[in-house]
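One file, my_file-v5.cif, carrying mmCIF, C-alpha atoms and all ligand atoms:
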data_start
#
loop_
_atom_site.label_atom_id
_atom_site.label_comp_id
_atom_site.auth_asym_id
_atom_site.auth_seq_id
_atom_site.Cartn_x
_atom_site.Cartn_y
_atom_site.Cartn_z
CA MET A 1 -45.37 288.29 75.19
CA LYS A 2 -48.88 287.04 74.50
CA LYS A 3 -47.42 283.80 73.23
CA LEU A 4 -45.27 283.42 76.35
CA ILE A 5 -48.30 283.91 78.59
CA SER A 6 -50.28 281.26 76.76
CA ILE A 7 -47.39 278.79 76.98
CA PHE A 8 -47.21 279.55 80.69
CA VAL A 9 -50.97 278.94 81.07
CA VAL A 10 -50.74 275.63 79.21
CA VAL A 11 -47.82 274.51 81.37
CA ILE A 12 -49.76 275.36 84.54
CA MET A 13 -52.81 273.46 83.24
CA VAL A 14 -50.74 270.40 82.43
CA PHE A 15 -49.20 270.47 85.90
CA SER A 16 -52.51 270.84 87.66
CA LEU A 17 -54.07 268.01 85.62
CA ALA A 18 -51.15 265.78 86.53
CA ALA A 19 -51.57 266.68 90.18
CA CYS A 20 -55.24 265.68 90.05
CA GLY A 21 -54.50 262.43 88.34
CA GLY A 22 -52.97 260.33 91.08
CA GLY A 23 -51.70 260.04 94.60
CA ALA A 24 -53.56 259.96 97.86
CA SER A 25 -55.47 263.15 97.11
CA ALA A 26 -57.25 261.67 94.06
CA PRO A 27 -60.88 262.76 93.90
CA ALA A 28 -63.42 260.04 94.70
CA ALA A 29 -64.52 259.78 91.06
CA ASP A 30 -61.09 258.40 90.11
CA ARG A 31 -61.46 255.30 92.19
CA GLN A 32 -64.15 252.69 92.65
CA LEU A 33 -66.85 253.87 95.04
CA LYS A 34 -67.78 251.58 97.89
CA VAL A 35 -71.51 251.61 98.61
CA GLY A 36 -73.25 249.85 101.49
CA PHE A 37 -76.92 248.99 101.13
CA ALA A 38 -79.01 247.91 104.14
CA GLN A 39 -82.04 246.19 102.62
CA ILE A 40 -85.11 245.16 104.64
CA GLY A 41 -85.37 241.54 103.56
CA SER A 42 -86.98 239.43 100.83
CA GLU A 43 -90.53 239.52 102.16
CA SER A 44 -92.27 240.13 98.83
CA ASP A 45 -91.84 240.09 95.07
CA TRP A 46 -91.68 243.87 95.31
CA ARG A 47 -88.66 243.61 97.58
CA VAL A 48 -86.95 241.13 95.26
CA GLY A 49 -87.54 243.58 92.39
CA SER A 50 -86.05 246.35 94.50
CA THR A 51 -82.95 244.32 95.34
CA ASN A 52 -82.40 243.34 91.71
CA SER A 53 -82.74 246.95 90.59
CA ILE A 54 -80.23 248.22 93.18
CA ARG A 55 -77.72 245.48 92.40
CA GLN A 56 -77.97 246.01 88.66
CA ALA A 57 -77.71 249.80 88.79
CA CYS A 58 -74.69 249.69 91.13
CA GLU A 59 -72.99 247.10 88.97
CA GLU A 60 -73.53 249.18 85.84
CA ALA A 61 -72.12 252.22 87.64
CA GLY A 62 -69.03 250.19 88.57
CA TYR A 63 -69.52 250.50 92.34
CA GLU A 64 -68.35 247.97 94.87
CA LEU A 65 -71.64 247.07 96.56
CA LEU A 66 -71.83 245.70 100.10
CA PHE A 67 -75.40 244.42 100.28
CA VAL A 68 -77.14 243.17 103.42
CA ASP A 69 -80.59 241.51 103.54
CA ALA A 70 -81.78 241.94 107.14
CA ASN A 71 -84.60 239.42 107.07
CA GLN A 72 -87.06 242.11 108.22
CA GLN A 73 -85.19 242.51 111.52
CA GLN A 74 -84.32 245.97 112.74
CA ASN A 75 -81.37 244.81 114.88
CA LEU A 76 -79.77 243.19 111.82
CA GLN A 77 -80.16 246.44 109.88
CA VAL A 78 -78.53 248.40 112.71
CA GLN A 79 -75.69 245.89 112.70
CA ALA A 80 -75.30 246.21 108.92
CA LEU A 81 -75.12 250.01 109.18
CA ARG A 82 -72.44 249.81 111.86
CA ASP A 83 -70.48 247.34 109.73
CA PHE A 84 -70.63 249.79 106.82
CA ILE A 85 -69.05 252.46 109.02
CA THR A 86 -66.27 250.04 110.02
CA GLN A 87 -65.71 249.07 106.40
CA GLY A 88 -65.34 252.72 105.42
CA VAL A 89 -67.99 252.88 102.70
CA ASP A 90 -68.35 256.10 100.68
CA TYR A 91 -72.16 256.05 100.67
CA ILE A 92 -74.94 254.25 102.50
CA GLY A 93 -78.28 253.29 100.96
CA PHE A 94 -80.94 252.43 103.50
CA SER A 95 -84.53 251.06 103.39
CA PRO A 96 -85.59 251.00 107.06
CA VAL A 97 -87.98 248.20 108.05
CA VAL A 98 -89.81 250.53 110.48
CA GLU A 99 -89.68 254.30 110.95
CA THR A 100 -88.47 254.67 114.54
CA GLY A 101 -85.49 253.46 116.56
CA TRP A 102 -82.66 254.70 114.35
CA ASP A 103 -81.55 257.83 116.24
CA GLN A 104 -78.36 256.39 117.68
CA VAL A 105 -77.05 254.62 114.58
CA MET A 106 -77.94 257.57 112.33
CA LYS A 107 -75.86 259.79 114.64
CA GLU A 108 -72.96 257.36 114.41
CA ILE A 109 -73.15 257.44 110.59
CA LYS A 110 -73.26 261.24 110.60
CA ASP A 111 -70.25 261.40 112.92
CA ALA A 112 -68.40 259.12 110.51
CA GLY A 113 -69.22 261.62 107.72
CA ILE A 114 -70.89 259.07 105.44
CA PRO A 115 -73.72 260.43 103.26
CA VAL A 116 -76.95 258.42 103.45
CA ILE A 117 -79.61 258.04 100.79
CA MET A 118 -82.93 256.66 102.02
CA LEU A 119 -84.67 254.40 99.55
CA ASP A 120 -88.34 253.37 99.57
CA ARG A 121 -89.16 253.68 103.30
CA ASN A 122 -88.26 256.53 105.62
CA ILE A 123 -87.22 257.11 109.23
CA ASP A 124 -88.86 259.20 111.91
CA MET A 125 -86.51 260.97 114.34
CA PRO A 126 -85.91 264.54 115.53
CA ASN A 127 -84.38 266.70 112.76
CA ARG A 128 -84.30 263.70 110.44
CA ASP A 129 -83.45 265.86 107.43
CA ASP A 130 -80.03 266.47 108.98
CA PHE A 131 -79.23 262.78 108.87
CA TYR A 132 -79.69 261.93 105.20
CA GLU A 133 -79.15 263.58 101.84
CA SER A 134 -82.40 262.52 100.25
CA TRP A 135 -85.29 260.07 100.41
CA ILE A 136 -86.32 258.40 97.14
CA GLY A 137 -89.62 256.56 96.94
CA ALA A 138 -93.33 256.57 96.24
CA ASN A 139 -96.14 258.62 97.73
CA PHE A 140 -97.75 255.94 99.90
CA VAL A 141 -100.53 258.21 101.16
CA HIS A 142 -101.53 258.83 97.59
CA GLU A 143 -101.56 255.08 96.91
CA GLY A 144 -104.01 254.50 99.78
CA GLU A 145 -106.18 257.34 98.49
CA ARG A 146 -106.14 255.89 95.00
CA ALA A 147 -107.23 252.51 96.35
CA ALA A 148 -110.20 254.06 98.19
CA THR A 149 -111.19 256.28 95.28
CA TRP A 150 -111.16 253.28 92.98
CA LEU A 151 -113.34 251.35 95.42
CA ILE A 152 -115.95 254.10 95.49
CA GLU A 153 -116.00 254.28 91.69
CA TYR A 154 -116.17 250.53 91.36
CA LEU A 155 -119.11 250.22 93.76
CA GLU A 156 -120.94 252.85 91.71
CA HIS A 157 -120.07 250.94 88.55
CA ILE A 158 -121.60 247.70 89.90
CA GLY A 159 -124.62 249.47 91.40
CA ARG A 160 -123.68 249.02 95.06
CA ALA A 161 -122.78 252.60 95.95
CA ASP A 162 -125.52 252.96 98.56
CA GLU A 163 -125.03 249.62 100.32
CA ASN A 164 -123.32 249.23 103.67
CA ILE A 165 -119.80 248.10 102.89
CA ASN A 166 -117.86 245.97 105.34
CA ILE A 167 -114.10 246.26 104.75
CA VAL A 168 -111.28 244.22 106.25
CA GLU A 169 -107.72 245.50 106.09
CA LEU A 170 -104.44 243.62 105.92
CA GLN A 171 -101.82 246.07 107.09
CA GLY A 172 -98.16 245.98 106.17
CA THR A 173 -95.37 245.77 108.74
CA VAL A 174 -96.41 247.64 111.89
CA GLY A 175 -94.58 250.97 112.12
CA SER A 176 -93.32 250.95 108.51
CA SER A 177 -93.82 253.98 106.25
CA PRO A 178 -96.01 252.23 103.65
CA ALA A 179 -98.27 250.64 106.30
CA ILE A 180 -98.75 253.93 108.13
CA ASP A 181 -99.24 256.01 104.99
CA ARG A 182 -101.39 253.62 102.95
CA LYS A 183 -103.75 253.28 105.92
CA THR A 184 -103.89 257.06 106.32
CA GLY A 185 -104.54 257.59 102.62
CA PHE A 186 -107.30 254.98 102.46
CA GLU A 187 -109.00 256.40 105.55
CA ASN A 188 -108.67 259.99 104.26
CA ILE A 189 -111.10 259.05 101.53
CA ILE A 190 -113.43 256.51 103.14
CA ASN A 191 -113.95 258.52 106.33
CA SER A 192 -116.35 260.72 104.40
CA LYS A 193 -118.50 257.69 103.50
CA SER A 194 -120.82 256.81 106.36
CA ASN A 195 -121.82 253.49 104.77
CA PHE A 196 -118.20 252.18 104.84
CA THR A 197 -116.80 250.41 107.90
CA ILE A 198 -113.40 248.84 108.49
CA SER A 199 -114.51 246.02 110.76
CA GLN A 200 -111.19 244.19 111.15
CA SER A 201 -107.64 245.39 110.59
CA GLN A 202 -104.44 243.51 111.37
CA THR A 203 -100.91 243.20 110.11
CA GLY A 204 -99.85 240.49 107.69
CA ASP A 205 -96.27 241.84 107.70
CA PHE A 206 -96.30 242.21 103.89
CA THR A 207 -95.99 238.42 103.37
CA THR A 208 -98.25 236.04 101.45
CA GLU A 209 -98.09 233.46 104.23
CA LEU A 210 -99.34 235.82 106.94
CA GLY A 211 -101.80 237.40 104.53
CA LYS A 212 -103.44 234.01 104.19
CA GLU A 213 -103.37 233.26 107.92
CA VAL A 214 -104.82 236.62 108.97
CA MET A 215 -107.51 236.50 106.27
CA GLU A 216 -108.54 233.08 107.62
CA SER A 217 -109.02 234.63 111.04
CA PHE A 218 -110.97 237.56 109.53
CA LEU A 219 -113.30 235.10 107.80
CA THR A 220 -113.76 232.98 110.92
CA ARG A 221 -114.59 235.99 113.04
CA ALA A 222 -116.97 237.43 110.42
CA GLN A 223 -118.76 234.11 110.25
CA ALA A 224 -119.03 233.95 114.04
CA ASP A 225 -120.47 237.46 114.07
CA GLY A 226 -122.83 236.59 111.24
CA VAL A 227 -121.53 239.34 108.96
CA LYS A 228 -120.42 239.33 105.35
CA ILE A 229 -117.05 240.77 104.31
CA ASP A 230 -117.48 242.89 101.18
CA VAL A 231 -113.97 244.19 100.59
CA LEU A 232 -110.39 243.30 101.41
CA PHE A 233 -107.92 246.18 101.35
CA ALA A 234 -104.42 244.67 101.46
CA HIS A 235 -101.41 246.99 101.80
CA ASN A 236 -99.55 244.87 99.24
CA ASP A 237 -100.29 242.32 96.54
CA GLY A 238 -98.37 239.58 98.32
CA MET A 239 -100.82 239.60 101.24
CA ALA A 240 -103.77 239.92 98.83
CA LEU A 241 -102.59 236.77 97.05
CA GLY A 242 -102.44 234.85 100.35
CA ALA A 243 -105.89 236.16 101.26
CA ILE A 244 -107.27 235.02 97.91
CA GLN A 245 -106.31 231.45 98.81
CA ALA A 246 -108.01 231.80 102.20
CA ILE A 247 -111.17 233.18 100.61
CA ARG A 248 -111.29 230.32 98.14
CA GLU A 249 -110.68 227.73 100.85
CA ALA A 250 -113.62 229.24 102.76
CA GLY A 251 -115.80 228.38 99.78
CA LEU A 252 -116.14 231.95 98.53
CA LYS A 253 -115.23 233.46 95.17
CA PRO A 254 -112.42 236.05 95.49
CA GLY A 255 -112.94 239.09 93.29
CA ASP A 256 -116.65 238.49 93.32
CA ASP A 257 -117.97 237.64 96.79
CA ILE A 258 -115.17 239.75 98.23
CA ILE A 259 -113.65 242.64 96.28
CA VAL A 260 -109.85 242.35 96.53
CA ILE A 261 -107.63 245.45 96.46
CA GLY A 262 -103.83 245.24 96.43
CA ILE A 263 -100.92 247.63 96.00
CA ASP A 264 -97.54 247.16 94.22
CA ALA A 265 -98.58 245.83 90.79
CA VAL A 266 -96.42 242.70 90.87
CA LYS A 267 -96.76 240.23 88.03
CA LEU A 268 -98.66 237.69 90.13
CA ALA A 269 -101.30 240.32 90.90
CA PHE A 270 -101.75 240.91 87.18
CA GLU A 271 -102.31 237.20 86.74
CA ALA A 272 -104.83 237.21 89.61
CA ILE A 273 -106.65 240.15 88.02
CA VAL A 274 -106.75 238.42 84.65
CA ALA A 275 -108.12 235.30 86.41
CA GLY A 276 -110.79 237.46 88.10
CA ASP A 277 -109.55 236.76 91.65
CA GLN A 278 -108.23 240.25 92.36
CA ASN A 279 -110.00 243.43 91.29
CA VAL A 280 -107.29 246.09 91.29
CA THR A 281 -103.66 246.81 92.04
CA ILE A 282 -102.04 250.21 92.37
CA GLU A 283 -98.54 250.51 91.03
CA CYS A 284 -95.64 251.26 93.33
CA SER A 285 -92.48 250.65 91.39
CA PRO A 286 -89.54 248.99 93.16
CA LEU A 287 -87.19 249.88 90.30
CA LEU A 288 -85.39 252.61 92.22
CA GLY A 289 -81.80 251.48 91.52
CA PRO A 290 -81.16 253.97 88.68
CA GLN A 291 -82.39 256.93 90.78
CA PHE A 292 -80.22 255.74 93.66
CA VAL A 293 -77.14 255.77 91.43
CA GLU A 294 -78.07 259.12 89.86
CA SER A 295 -78.28 260.58 93.35
CA ILE A 296 -74.82 259.31 94.26
CA GLN A 297 -73.48 260.74 91.01
CA ALA A 298 -75.04 264.12 91.78
CA LEU A 299 -73.44 264.12 95.24
CA GLU A 300 -70.11 263.22 93.64
CA ARG A 301 -70.45 266.35 91.49
CA GLY A 302 -70.92 268.33 94.68
CA GLU A 303 -74.62 268.95 94.14
CA THR A 304 -77.23 269.11 96.90
CA LEU A 305 -80.19 266.78 96.49
CA PRO A 306 -83.81 267.62 97.19
CA LYS A 307 -84.92 265.97 100.45
CA ILE A 308 -87.77 264.18 98.68
CA ILE A 309 -87.41 262.53 95.27
CA TYR A 310 -90.52 260.69 94.09
CA SER A 311 -89.94 257.59 92.03
CA ASN A 312 -89.91 258.08 88.27
CA TYR A 313 -92.69 255.57 87.87
CA ASP A 314 -95.00 257.44 90.16
CA ASP A 315 -97.40 258.63 87.50
CA TYR A 316 -100.66 257.81 89.16
CA ASP A 317 -102.93 258.46 86.21
CA GLU A 318 -101.40 255.55 84.41
CA THR A 319 -100.66 253.14 87.15
CA LEU A 320 -103.94 251.68 88.25
CA TYR A 321 -104.71 248.28 86.84
CA ALA A 322 -108.21 246.99 87.28
CA VAL A 323 -111.19 245.05 86.00
CA PHE A 324 -112.54 248.38 85.00
CA PRO A 325 -111.20 248.50 81.49
CA ASP A 326 -112.91 251.58 80.12
CA LYS A 327 -111.25 253.88 82.51
CA TYR A 328 -108.14 252.12 83.81
CA LEU A 329 -105.35 250.18 82.22
CA LYS A 330 -106.25 246.62 81.42
CA ALA A 331 -104.12 244.18 83.39
CA SER A 332 -104.23 241.64 80.55
CA ASP A 333 -102.40 244.08 78.24
CA TYR A 334 -99.51 244.38 80.68
CA VAL A 335 -99.16 241.02 82.38
CA ASP A 336 -96.49 239.73 80.00
CA SER A 337 -94.27 242.78 80.20
CA ARG A 338 -94.03 242.98 83.99
CA VAL A 339 -90.46 242.70 85.26
CA TYR A 340 -91.25 242.20 88.96
O1 LIG A 401 -95.37 247.49 99.10
C1 LIG A 401 -94.22 245.62 99.94
C2 LIG A 401 -92.84 245.48 100.44
O2 LIG A 401 -91.88 249.35 101.21
C3 LIG A 401 -93.22 249.95 99.37
O3 LIG A 401 -92.56 246.72 101.04
C4 LIG A 401 -92.52 248.88 100.07
C5 LIG A 401 -93.38 247.70 100.49
C6 LIG A 401 -94.12 246.99 99.36
O4 LIG A 401 -92.61 244.40 101.20
O5 LIG A 401 -94.59 244.65 99.03
#
Starting from the file, give its structure as structure tokens.
Ligand code: GYE
Amino acid sequence: MKKLISIFVVVIMVFSLAACGGGASAPAADRQLKVGFAQIGSESDWRVGSTNSIRQACEEAGYELLFVDANQQQNLQVQALRDFITQGVDYIGFSPVVETGWDQVMKEIKDAGIPVIMLDRNIDMPNRDDFYESWIGANFVHEGERAATWLIEYLEHIGRADENINIVELQGTVGSSPAIDRKTGFENIINSKSNFTISQSQTGDFTTELGKEVMESFLTRAQADGVKIDVLFAHNDGMALGAIQAIREAGLKPGDDIIVIGIDAVKLAFEAIVAGDQNVTIECSPLLGPQFVESIQALERGETLPKIIYSNYDDYDETLYAVFPDKYLKASDYVDSRVY
């Protein structure tokens, strides 16, 4: 009897396996997943690194990837998201150029039943947690705080801690998560220092070209007002690199006459630090592709994701590269191994 029961069990198992194996009811894992990714644009080396990482990870996972570069335009991203719904993708990956203005399209995606994973930047809308599975990215507030803390330490190091410090700020894209949060983080720390002033602050839209242009106008205005700029805080390295050119063209020595702070840790910033033109960069890794794929895989297994997943590279004690070799990592030791 025992034997009969076990034969019966085996037969049932074989039948149920066969039933799972094919036909219209095949589980998603048995077929190629279709993933739509709405990318912001190609505004910086960081963004290019992000795109490469997403493409590579999705390719390795065997996904069909529908990838749209929206040229930093919100309407193109909205269009891309709607196209993904029409094309019946299984998952949507989304890096929103700015935080607001997504309510309607996010509702449309939810109605279509497509899970969304936010990558890098986030959205701001009522009950936003109901509209995506998870957000994966860096702690931008912390990056701004790190930049300011470094500045205070550096000024102490060079014996200028008690001087009045005139700071200019190149902001990222207006209304984007990293621009909002890096500014907040930087101000959180410097607000307690009465000798620090941010005298001029404007967006350079995260591009080198605008970084240069806006820095030129900062310099012109400072000269007209008869004041000296001591520090540039740029929300990304790309803008810092443009500003470095402007500083040099104005006959000043970047890194020396004006302390230059950037964020991202792109290879070109390492080169600028080694050359003495930039003083520090704070790492914000764009290599989020593997975590994006891992998240899709977890959802495929029926798991629920945490709403916030910080990037794996977000280990702040090790990610500040400066001209301050005793305490921080030396840019010259890392410049050759940078992949973005
Ligand atoms: O700092 C900048 C890019 O959203 C964190 O976007 C990202 C930012 C990054 O254009 O270089």
Practice item. Enter the distance from CA of Ala70 (chain A) to CA of Cys284 (chain A), in Å, rounded to one decimal. Key: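 That distance, rounded to one decimal, is 21.7 Å.
Close contacts of region 109-117 of chain A, defined as residues with an atom at most 8 Å away when counting only C-alpha atoms, with chain neighbours fewer than 6 positions off set aside, comprise Leu81, Arg82, Ile85, Val89, Asp90, Tyr91, Ile92, Gly93, Phe94, Phe131, Tyr132, Glu133, Ser134, Trp135, Ile136, Phe292 and Ser295 of chain A.
Minimum distance to ligand LIG 401 (chain A) across A:Ile273, A:Ala179, A:Leu170, A:Ile165 (counting all atoms listed in the file) occurs at A:Ala179.
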Study note, to complete from the structure: As a check of understanding: the span from CA of Ser332 (chain A) to CA of Leu151 (chain A) is 20.0 Å
Can you write out as CSV which residues of chain A fall within 10 Å of ligand LIG 401 (chain A), alongside each residue's closest atom pair and its distance in Å to one decimal, counting all atoms listed in the file and ordering rows by chain and ascending residue number?
residue,atom,partner,partner_atom,distance
A:Ile40,CA,A:LIG401,O4,8.3
A:Gly41,CA,A:LIG401,O4,8.1
A:Ser42,CA,A:LIG401,O4,7.5
A:Glu43,CA,A:LIG401,O4,5.4
A:Ser44,CA,A:LIG401,O4,4.9
A:Asp45,CA,A:LIG401,O5,6.6
A:Trp46,CA,A:LIG401,O5,4.8
A:Arg47,CA,A:LIG401,C2,5.4
A:Val48,CA,A:LIG401,O4,8.8
A:Gly49,CA,A:LIG401,O5,9.7
A:Ser50,CA,A:LIG401,C4,8.9
A:Gln72,CA,A:LIG401,O4,9.2
A:Ser95,CA,A:LIG401,O2,7.9
A:Pro96,CA,A:LIG401,O2,8.7
A:Val97,CA,A:LIG401,O2,8.0
A:Val98,CA,A:LIG401,O2,9.6
A:Leu119,CA,A:LIG401,O2,9.0
A:Asp120,CA,A:LIG401,O2,5.6
A:Arg121,CA,A:LIG401,O2,5.5
A:Asn122,CA,A:LIG401,O2,9.2
A:Gly137,CA,A:LIG401,C3,7.9
A:Ala138,CA,A:LIG401,C3,7.3
A:Asn139,CA,A:LIG401,C3,9.3
A:Phe140,CA,A:LIG401,C3,7.5
A:Gly172,CA,A:LIG401,C1,7.4
A:Thr173,CA,A:LIG401,O4,8.1
A:Ser176,CA,A:LIG401,O2,7.6
A:Ser177,CA,A:LIG401,O2,7.1
A:Pro178,CA,A:LIG401,C3,5.6
A:Ala179,CA,A:LIG401,C5,8.1
A:Arg182,CA,A:LIG401,O1,9.4
A:Asp205,CA,A:LIG401,O4,7.9
A:Phe206,CA,A:LIG401,O4,5.1
A:Thr207,CA,A:LIG401,O4,7.2
A:Thr208,CA,A:LIG401,O5,9.7
A:Ala234,CA,A:LIG401,O1,9.8
A:His235,CA,A:LIG401,O1,6.6
A:Asn236,CA,A:LIG401,O1,4.9
A:Asp237,CA,A:LIG401,O5,6.6
A:Gly238,CA,A:LIG401,O5,6.4
A:Met239,CA,A:LIG401,O5,8.3
A:Gly262,CA,A:LIG401,O1,9.2
A:Ile263,CA,A:LIG401,O1,6.4
A:Asp264,CA,A:LIG401,O1,5.4
A:Ala265,CA,A:LIG401,O1,9.1
A:Val266,CA,A:LIG401,O5,8.6
A:Ile282,CA,A:LIG401,O1,9.9
A:Glu283,CA,A:LIG401,O1,9.2
A:Cys284,CA,A:LIG401,C3,6.6
A:Ser285,CA,A:LIG401,C3,8.0
A:Pro286,CA,A:LIG401,C3,7.3
**Study point:** Separation of CA of Val168 (chain A) from CA of Lys330 (chain A) in Å
**Key:** 25.4 Å
Revision key, fill the gap. Using all atoms listed in the file, the best pick from A:Glu163, A:Asp230, A:Asp336, A:Asp83 as closest to Ile247 (chain A) would be A:Asp230
Practice item. Do a neighbour search on Lys267 (chain A) at 7 Å with all atoms listed in the file, toss out local chain neighbours closer than 4 positions, and write the hits as a ChimeraX atom specification. Key: /A:271,335,338,340
Selection file, C-alpha atoms, as a JSON list (two decimals), keeping the file's coordinate frame:
[["chain", "number", "residue", "atom", "x", "y", "z"],
["A", 271, "GLU", "CA", -102.31, 237.20, 86.74],
["A", 335, "VAL", "CA", -99.16, 241.02, 82.38],
["A", 338, "ARG", "CA", -94.03, 242.98, 83.99],
["A", 340, "TYR", "CA", -91.25, 242.20, 88.96]]
Point to revise | Selected residue of minimal separation from Glu153 (chain A) among A:Phe270, A:Tyr63, A:Tyr328, A:Tyr334, counting only C-alpha atoms | key: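 Closest residue, counting only C-alpha atoms: A:Tyr328.
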Check your understanding: Taking all atoms listed in the file into account, which of A:Gln39, A:Asp129, A:Glu169, A:Asn279 comes nearest Leu305 (chain A)?
Key ->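 The shortest atom-to-atom distance to Leu305 (chain A) comes from A:Asp129.
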Review point. Closest to Gln171 (chain A) among A:Met106, A:Leu210, A:Ala331, A:Ala147, using all atoms listed in the file?
Key: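 The shortest atom-to-atom distance to Gln171 (chain A) comes from A:Leu210.
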Surrounding residues of Ser192 (chain A) excluding itself and chain neighbours under 6 positions, 12 Å, all atoms listed in the file, as a compact mmCIF listing (two decimals) with C-alpha atoms, in the frame of the given file:
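Resulting contents of out23.txt:
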# COMPACT_ATOMS: atom_id res chain seq x y z
CA ALA A 148 -110.20 254.06 98.19
CA THR A 149 -111.19 256.28 95.28
CA ILE A 152 -115.95 254.10 95.49
CA PHE A 186 -107.30 254.98 102.46
Exercise for review: Can you work out which one of A:Ile198, A:Glu294, A:Glu60, A:Val35 has the shortest atom-to-atom distance to Phe84 (chain A), counting all atoms listed in the file?
Suggested key: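 Between A:Ile198, A:Glu294, A:Glu60, A:Val35, the residue approaching Phe84 (chain A) most closely is A:Val35.
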Review point. Neighbours of Ala246 (chain A) within 8 Å (all atoms listed in the file; same-chain residues fewer than 4 positions away dropped), as a PyMOL selection string?
Key: chain A and resi 212-213+215-216+242+250
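Residues in contact with Val141 (chain A) at up to 9 Å, not including ones fewer than 5 positions away on its chain and judged by all atoms listed in the file, are Arg146, Pro178, Ile180, Asp181, Arg182, Lys183, Thr184, Gly185, Phe186 and Asn188 of chain A.
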